[in-house]
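Comments concern the structure below.
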Amino acid sequence: MEQYNALIKDRLSEIGISEAGFAKIRKIDPVRAQELPNAISLVVKLSDYVIDEIDGAPTFAYFQHYRAVNALLDQAALRIGFLIESLGYRYLPVAASQSIPSAERPYSALISHKAVARMAGLGTIGKNALFLSYRYGPRVRLCTILTDLPLDCVETEEERDVCKGCTRCAASCPAMALRGTLYRHGVERADIIDAAACSNYMKERFQHIGRGAVCGICMRVCPYRGERK
């Protein structure tokens, strides 16, 4: 198992992925875990300069950077998937910005990238509803590969409070979509963010920048920058 972990990490590093982790998904998706029990979480750090330019509204540079990093993650997942199949195992890449709308749970994906990355011990979820990487803070994008490749995986339930009473994201949200609620196991997404209010505001105000579904303000104002090593 460990040799596969090392092989995949080496390949991802060569591609440009900033960090990777490995997790069991049985607590996240017990049904899919019966066939693809393991997940590889891919993390790419965004440009500090690009994020720092966001001031009350996303920029064209941020929109393009966001798309480019998503494309890098998706290509990396595909290339690692090819490697997994060459080893005789199966894989399912979950795109960085994949969305599968449903009446029961709109604004959802095939599996939560944040939940997988958290289970892999790479970070936690902040009051801004973003994934907060312990290494890089919120300035990251994520992607996931589900697989039956035997991997040395973790299944952590760690809940580290890195927000420490800060509510800057909630105070800065122009859509007033953030509740200022600290994530804890069992807390629903709706307790942290009004996803509809967030999405609708971005589409109404920022459509001219791109697809109107990327803001970045809560990411820009977040003071947590990770514990870089």
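Each chain of the structure tokens is named A, B, ... in the order shown, its residues numbered from 1; ligands are numbered from 1 in display order.
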Contacts of Ile209 in chain A at 10 Å or less, counting only C-alpha atoms, minus same-chain residues fewer than 4 places along, as a PDB file with N, CA, C and O atoms, in the first residue's frame?
ATOM      1  N   ALA A  57     -15.016  42.762  -4.992  1.00  0.00           N
ATOM      2  CA  ALA A  57     -15.551  42.025  -6.141  1.00  0.00           C
ATOM      3  C   ALA A  57     -14.420  41.194  -6.735  1.00  0.00           C
ATOM      4  O   ALA A  57     -13.251  41.575  -6.663  1.00  0.00           O
ATOM      5  N   PRO A  58     -14.760  40.073  -7.356  1.00  0.00           N
ATOM      6  CA  PRO A  58     -13.718  39.273  -8.009  1.00  0.00           C
ATOM      7  C   PRO A  58     -13.161  40.004  -9.219  1.00  0.00           C
ATOM      8  O   PRO A  58     -13.812  40.880  -9.794  1.00  0.00           O
ATOM      9  N   THR A  59     -11.960  39.658  -9.609  1.00  0.00           N
ATOM     10  CA  THR A  59     -11.326  40.270 -10.772  1.00  0.00           C
ATOM     11  C   THR A  59     -11.333  39.294 -11.945  1.00  0.00           C
ATOM     12  O   THR A  59     -11.535  38.098 -11.777  1.00  0.00           O
ATOM     13  N   PHE A  60     -11.077  39.821 -13.134  1.00  0.00           N
ATOM     14  CA  PHE A  60     -10.962  38.951 -14.305  1.00  0.00           C
ATOM     15  C   PHE A  60      -9.785  37.994 -14.127  1.00  0.00           C
ATOM     16  O   PHE A  60      -9.853  36.834 -14.541  1.00  0.00           O
ATOM     17  N   ALA A  61      -8.702  38.472 -13.514  1.00  0.00           N
ATOM     18  CA  ALA A  61      -7.533  37.622 -13.293  1.00  0.00           C
ATOM     19  C   ALA A  61      -7.889  36.448 -12.372  1.00  0.00           C
ATOM     20  O   ALA A  61      -7.451  35.313 -12.586  1.00  0.00           O
ATOM     21  N   TYR A  62      -8.688  36.745 -11.347  1.00  0.00           N
ATOM     22  CA  TYR A  62      -9.096  35.678 -10.420  1.00  0.00           C
ATOM     23  C   TYR A  62      -9.955  34.642 -11.138  1.00  0.00           C
ATOM     24  O   TYR A  62      -9.771  33.439 -10.970  1.00  0.00           O
ATOM     25  N   PHE A  63     -10.901  35.096 -11.953  1.00  0.00           N
ATOM     26  CA  PHE A  63     -11.764  34.171 -12.676  1.00  0.00           C
ATOM     27  C   PHE A  63     -10.946  33.248 -13.575  1.00  0.00           C
ATOM     28  O   PHE A  63     -11.153  32.025 -13.593  1.00  0.00           O
ATOM     29  N   GLN A  64      -9.991  33.814 -14.314  1.00  0.00           N
ATOM     30  CA  GLN A  64      -9.173  33.002 -15.214  1.00  0.00           C
ATOM     31  C   GLN A  64      -8.260  32.062 -14.428  1.00  0.00           C
ATOM     32  O   GLN A  64      -8.054  30.902 -14.814  1.00  0.00           O
ATOM     33  N   LYS A 203     -24.234  35.526  -9.261  1.00  0.00           N
ATOM     34  CA  LYS A 203     -24.766  35.526 -10.629  1.00  0.00           C
ATOM     35  C   LYS A 203     -25.345  36.887 -11.005  1.00  0.00           C
ATOM     36  O   LYS A 203     -25.226  37.325 -12.153  1.00  0.00           O
ATOM     37  N   ARG A 205     -24.477  39.926  -9.634  1.00  0.00           N
ATOM     38  CA  ARG A 205     -23.519  41.033  -9.579  1.00  0.00           C
ATOM     39  C   ARG A 205     -22.263  40.818 -10.417  1.00  0.00           C
ATOM     40  O   ARG A 205     -21.646  41.795 -10.839  1.00  0.00           O
ATOM     41  N   ALA A 213     -20.241  32.892 -11.004  1.00  0.00           N
ATOM     42  CA  ALA A 213     -20.393  31.971  -9.873  1.00  0.00           C
ATOM     43  C   ALA A 213     -19.114  31.862  -9.059  1.00  0.00           C
ATOM     44  O   ALA A 213     -18.897  30.890  -8.364  1.00  0.00           O
ATOM     45  N   VAL A 214     -18.240  32.851  -9.179  1.00  0.00           N
ATOM     46  CA  VAL A 214     -16.983  32.840  -8.430  1.00  0.00           C
ATOM     47  C   VAL A 214     -16.819  34.211  -7.782  1.00  0.00           C
ATOM     48  O   VAL A 214     -16.813  35.219  -8.470  1.00  0.00           O
ATOM     49  N   CYS A 215     -16.696  34.241  -6.474  1.00  0.00           N
ATOM     50  CA  CYS A 215     -16.591  35.524  -5.772  1.00  0.00           C
ATOM     51  C   CYS A 215     -15.196  35.695  -5.172  1.00  0.00           C
ATOM     52  O   CYS A 215     -14.409  36.490  -5.633  1.00  0.00           O
TER      53      CYS A 215
END
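Near Ser18 in chain A, within a cut-off of 7 Å and counting only C-alpha atoms, sit the residues Val43, Val44 and Lys45 of chain A, with same-chain residues fewer than 6 positions away left out.
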Those same residues, written as an mmCIF file, in the first residue's frame with C-alpha atoms?
data_model
loop_
_atom_site.group_PDB
_atom_site.id
_atom_site.type_symbol
_atom_site.label_atom_id
_atom_site.label_comp_id
_atom_site.auth_asym_id
_atom_site.auth_seq_id
_atom_site.Cartn_x
_atom_site.Cartn_y
_atom_site.Cartn_z
ATOM 1 C CA VAL A 43 -4.865 20.309 -3.356
ATOM 2 C CA VAL A 44 -3.507 23.192 -5.426
ATOM 3 C CA LYS A 45 -2.591 26.486 -3.811
#
(Q) For the structure I just gave you, how does DSSP split range 42-128 of chain A - specifically, which residues are helix (DSSP H, G or I)? Reply as a PyMOL selection string. (A) chain A and resi 48-52+60-86+113-119
Can you pull out the residues contacting range 220-227 of chain A? Cut-off 7 Å, using only C-alpha atoms, and skip same-chain residues under 3 positions away; I want them as a PDB file with N, CA and C atoms, in the first residue's frame.
ATOM      1  N   ILE A  51      -5.305  36.570  -5.413  1.00  0.00           N
ATOM      2  CA  ILE A  51      -6.328  36.663  -4.370  1.00  0.00           C
ATOM      3  C   ILE A  51      -6.287  38.028  -3.695  1.00  0.00           C
ATOM      4  N   ASP A  52      -5.096  38.554  -3.461  1.00  0.00           N
ATOM      5  CA  ASP A  52      -4.962  39.844  -2.782  1.00  0.00           C
ATOM      6  C   ASP A  52      -5.553  40.992  -3.598  1.00  0.00           C
ATOM      7  N   ILE A  54      -8.413  40.930  -5.054  1.00  0.00           N
ATOM      8  CA  ILE A  54      -9.865  40.962  -4.871  1.00  0.00           C
ATOM      9  C   ILE A  54     -10.196  42.013  -3.823  1.00  0.00           C
ATOM     10  N   SER A 133      -6.962  24.639   4.480  1.00  0.00           N
ATOM     11  CA  SER A 133      -5.810  23.744   4.491  1.00  0.00           C
ATOM     12  C   SER A 133      -4.900  24.104   5.657  1.00  0.00           C
ATOM     13  N   TYR A 134      -4.456  23.099   6.387  1.00  0.00           N
ATOM     14  CA  TYR A 134      -3.539  23.355   7.496  1.00  0.00           C
ATOM     15  C   TYR A 134      -2.204  23.890   6.994  1.00  0.00           C
ATOM     16  N   ARG A 135      -1.918  23.687   5.722  1.00  0.00           N
ATOM     17  CA  ARG A 135      -0.652  24.171   5.169  1.00  0.00           C
ATOM     18  C   ARG A 135      -0.798  25.523   4.471  1.00  0.00           C
ATOM     19  N   TYR A 136      -1.919  25.735   3.781  1.00  0.00           N
ATOM     20  CA  TYR A 136      -2.056  26.924   2.944  1.00  0.00           C
ATOM     21  C   TYR A 136      -3.221  27.844   3.306  1.00  0.00           C
ATOM     22  N   GLY A 137      -4.084  27.449   4.207  1.00  0.00           N
ATOM     23  CA  GLY A 137      -5.256  28.254   4.510  1.00  0.00           C
ATOM     24  C   GLY A 137      -6.349  28.039   3.476  1.00  0.00           C
ATOM     25  N   ARG A 168     -14.611  37.538  10.445  1.00  0.00           N
ATOM     26  CA  ARG A 168     -14.347  38.523   9.394  1.00  0.00           C
ATOM     27  C   ARG A 168     -15.026  38.152   8.079  1.00  0.00           C
ATOM     28  N   CYS A 169     -15.073  36.863   7.784  1.00  0.00           N
ATOM     29  CA  CYS A 169     -15.697  36.428   6.532  1.00  0.00           C
ATOM     30  C   CYS A 169     -17.185  36.762   6.521  1.00  0.00           C
ATOM     31  N   GLY A 216     -14.904  34.953  -4.106  1.00  0.00           N
ATOM     32  CA  GLY A 216     -13.568  34.985  -3.528  1.00  0.00           C
ATOM     33  C   GLY A 216     -13.363  35.973  -2.406  1.00  0.00           C
ATOM     34  N   ILE A 217     -14.378  36.778  -2.076  1.00  0.00           N
ATOM     35  CA  ILE A 217     -14.205  37.800  -1.054  1.00  0.00           C
ATOM     36  C   ILE A 217     -13.934  37.174   0.320  1.00  0.00           C
TER      37      ILE A 217
END
Q. Rounded to one decimal in Å, what is the spacing between CA of Val140 in chain A and CA of Ile40 in chain A?
A. 15.8 Å
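Of the residues listed (A:Ile145, A:Met219, A:Asp55, A:Leu73), A:Met219 shows the shortest atom-to-atom separation from Phe131 in chain A; distances use only C-alpha atoms.
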Q) Which of these residues is nearest to Ala177 in chain A, using only C-alpha atoms: A:His65, A:Arg141, A:Lys127, A:Asn70? A)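 Looking at the shortest contact to Ala177 in chain A, the residue is A:Lys127.
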Q: Could you give me, as a ChimeraX atom specification, the residues within 9 Å of range 154-159 of chain A, counting only C-alpha atoms and dropping anything in the same chain fewer than 5 positions from it?
A: /A:21-25,27,118-121,123-125,183-185
Okay, now the selection with N, CA, C and O atoms, as a PDB file, in the first residue's frame?
ATOM      1  N   GLY A  21      -3.583  13.855  -0.140  1.00  0.00           N
ATOM      2  CA  GLY A  21      -3.858  13.036   1.034  1.00  0.00           C
ATOM      3  C   GLY A  21      -4.714  11.846   0.640  1.00  0.00           C
ATOM      4  O   GLY A  21      -5.305  11.818  -0.448  1.00  0.00           O
ATOM      5  N   PHE A  22      -4.800  10.866   1.532  1.00  0.00           N
ATOM      6  CA  PHE A  22      -5.513   9.630   1.233  1.00  0.00           C
ATOM      7  C   PHE A  22      -6.485   9.325   2.362  1.00  0.00           C
ATOM      8  O   PHE A  22      -6.122   9.381   3.537  1.00  0.00           O
ATOM      9  N   ALA A  23      -7.733   9.011   1.987  1.00  0.00           N
ATOM     10  CA  ALA A  23      -8.765   8.825   3.000  1.00  0.00           C
ATOM     11  C   ALA A  23      -9.696   7.674   2.664  1.00  0.00           C
ATOM     12  O   ALA A  23      -9.941   7.364   1.488  1.00  0.00           O
ATOM     13  N   LYS A  24     -10.250   7.044   3.693  1.00  0.00           N
ATOM     14  CA  LYS A  24     -11.358   6.112   3.547  1.00  0.00           C
ATOM     15  C   LYS A  24     -12.641   6.933   3.448  1.00  0.00           C
ATOM     16  O   LYS A  24     -12.797   7.931   4.146  1.00  0.00           O
ATOM     17  N   ILE A  25     -13.579   6.505   2.606  1.00  0.00           N
ATOM     18  CA  ILE A  25     -14.791   7.313   2.425  1.00  0.00           C
ATOM     19  C   ILE A  25     -16.042   6.655   3.009  1.00  0.00           C
ATOM     20  O   ILE A  25     -17.153   7.154   2.790  1.00  0.00           O
ATOM     21  N   LYS A  27     -17.450   6.694   5.797  1.00  0.00           N
ATOM     22  CA  LYS A  27     -18.281   7.567   6.625  1.00  0.00           C
ATOM     23  C   LYS A  27     -18.890   8.709   5.812  1.00  0.00           C
ATOM     24  O   LYS A  27     -19.849   9.338   6.264  1.00  0.00           O
ATOM     25  N   ARG A 118     -10.757  16.800   4.468  1.00  0.00           N
ATOM     26  CA  ARG A 118     -10.784  16.833   5.934  1.00  0.00           C
ATOM     27  C   ARG A 118     -10.542  15.437   6.507  1.00  0.00           C
ATOM     28  O   ARG A 118      -9.767  15.270   7.451  1.00  0.00           O
ATOM     29  N   MET A 119     -11.180  14.418   5.926  1.00  0.00           N
ATOM     30  CA  MET A 119     -11.004  13.044   6.391  1.00  0.00           C
ATOM     31  C   MET A 119      -9.562  12.588   6.209  1.00  0.00           C
ATOM     32  O   MET A 119      -9.048  11.783   6.980  1.00  0.00           O
ATOM     33  N   ALA A 120      -8.895  13.132   5.185  1.00  0.00           N
ATOM     34  CA  ALA A 120      -7.499  12.791   4.927  1.00  0.00           C
ATOM     35  C   ALA A 120      -6.538  13.528   5.841  1.00  0.00           C
ATOM     36  O   ALA A 120      -5.325  13.315   5.777  1.00  0.00           O
ATOM     37  N   GLY A 121      -7.074  14.409   6.692  1.00  0.00           N
ATOM     38  CA  GLY A 121      -6.233  15.124   7.650  1.00  0.00           C
ATOM     39  C   GLY A 121      -5.526  16.324   7.088  1.00  0.00           C
ATOM     40  O   GLY A 121      -4.559  16.825   7.686  1.00  0.00           O
ATOM     41  N   GLY A 123      -6.925  19.357   6.486  1.00  0.00           N
ATOM     42  CA  GLY A 123      -7.442  20.641   6.943  1.00  0.00           C
ATOM     43  C   GLY A 123      -8.815  20.498   7.565  1.00  0.00           C
ATOM     44  O   GLY A 123      -9.245  19.395   7.913  1.00  0.00           O
ATOM     45  N   THR A 124      -9.504  21.626   7.669  1.00  0.00           N
ATOM     46  CA  THR A 124     -10.819  21.644   8.286  1.00  0.00           C
ATOM     47  C   THR A 124     -11.737  22.555   7.471  1.00  0.00           C
ATOM     48  O   THR A 124     -11.347  23.059   6.412  1.00  0.00           O
ATOM     49  N   ILE A 125     -12.936  22.793   7.939  1.00  0.00           N
ATOM     50  CA  ILE A 125     -13.884  23.676   7.264  1.00  0.00           C
ATOM     51  C   ILE A 125     -14.090  24.916   8.127  1.00  0.00           C
ATOM     52  O   ILE A 125     -14.299  24.803   9.342  1.00  0.00           O
ATOM     53  N   TYR A 183     -17.720  25.220  12.251  1.00  0.00           N
ATOM     54  CA  TYR A 183     -18.019  23.852  11.832  1.00  0.00           C
ATOM     55  C   TYR A 183     -17.694  22.865  12.948  1.00  0.00           C
ATOM     56  O   TYR A 183     -16.647  22.946  13.580  1.00  0.00           O
ATOM     57  N   ARG A 184     -18.599  21.964  13.161  1.00  0.00           N
ATOM     58  CA  ARG A 184     -18.397  20.822  14.053  1.00  0.00           C
ATOM     59  C   ARG A 184     -19.094  19.635  13.420  1.00  0.00           C
ATOM     60  O   ARG A 184     -20.027  19.787  12.641  1.00  0.00           O
ATOM     61  N   HIS A 185     -18.653  18.427  13.760  1.00  0.00           N
ATOM     62  CA  HIS A 185     -19.250  17.224  13.198  1.00  0.00           C
ATOM     63  C   HIS A 185     -20.760  17.230  13.445  1.00  0.00           C
ATOM     64  O   HIS A 185     -21.212  17.442  14.570  1.00  0.00           O
TER      65      HIS A 185
END
(Q) I need the residues in range 52-195 of chain A that are strand (DSSP E or B) according to DSSP; give them as a PyMOL selection string. (A) chain A and resi 91-94+123-125+131-133+137+140-147+154+178+193
**Q.** For Leu46 in chain A, the nearest of the candidates A:Pro138, A:Asp10, A:Arg32, A:Ala76, counting only C-alpha atoms
**A.** A:Pro138
Q: Give the answer as one residue: which of A:Asn128, A:Gln207, A:Gln98, A:Asn38 has the shortest atom-to-atom distance to Val162 in chain A, using only C-alpha atoms?
A: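 Looking only at the distances to Val162 in chain A, the closest residue turns out to be A:Asn128.
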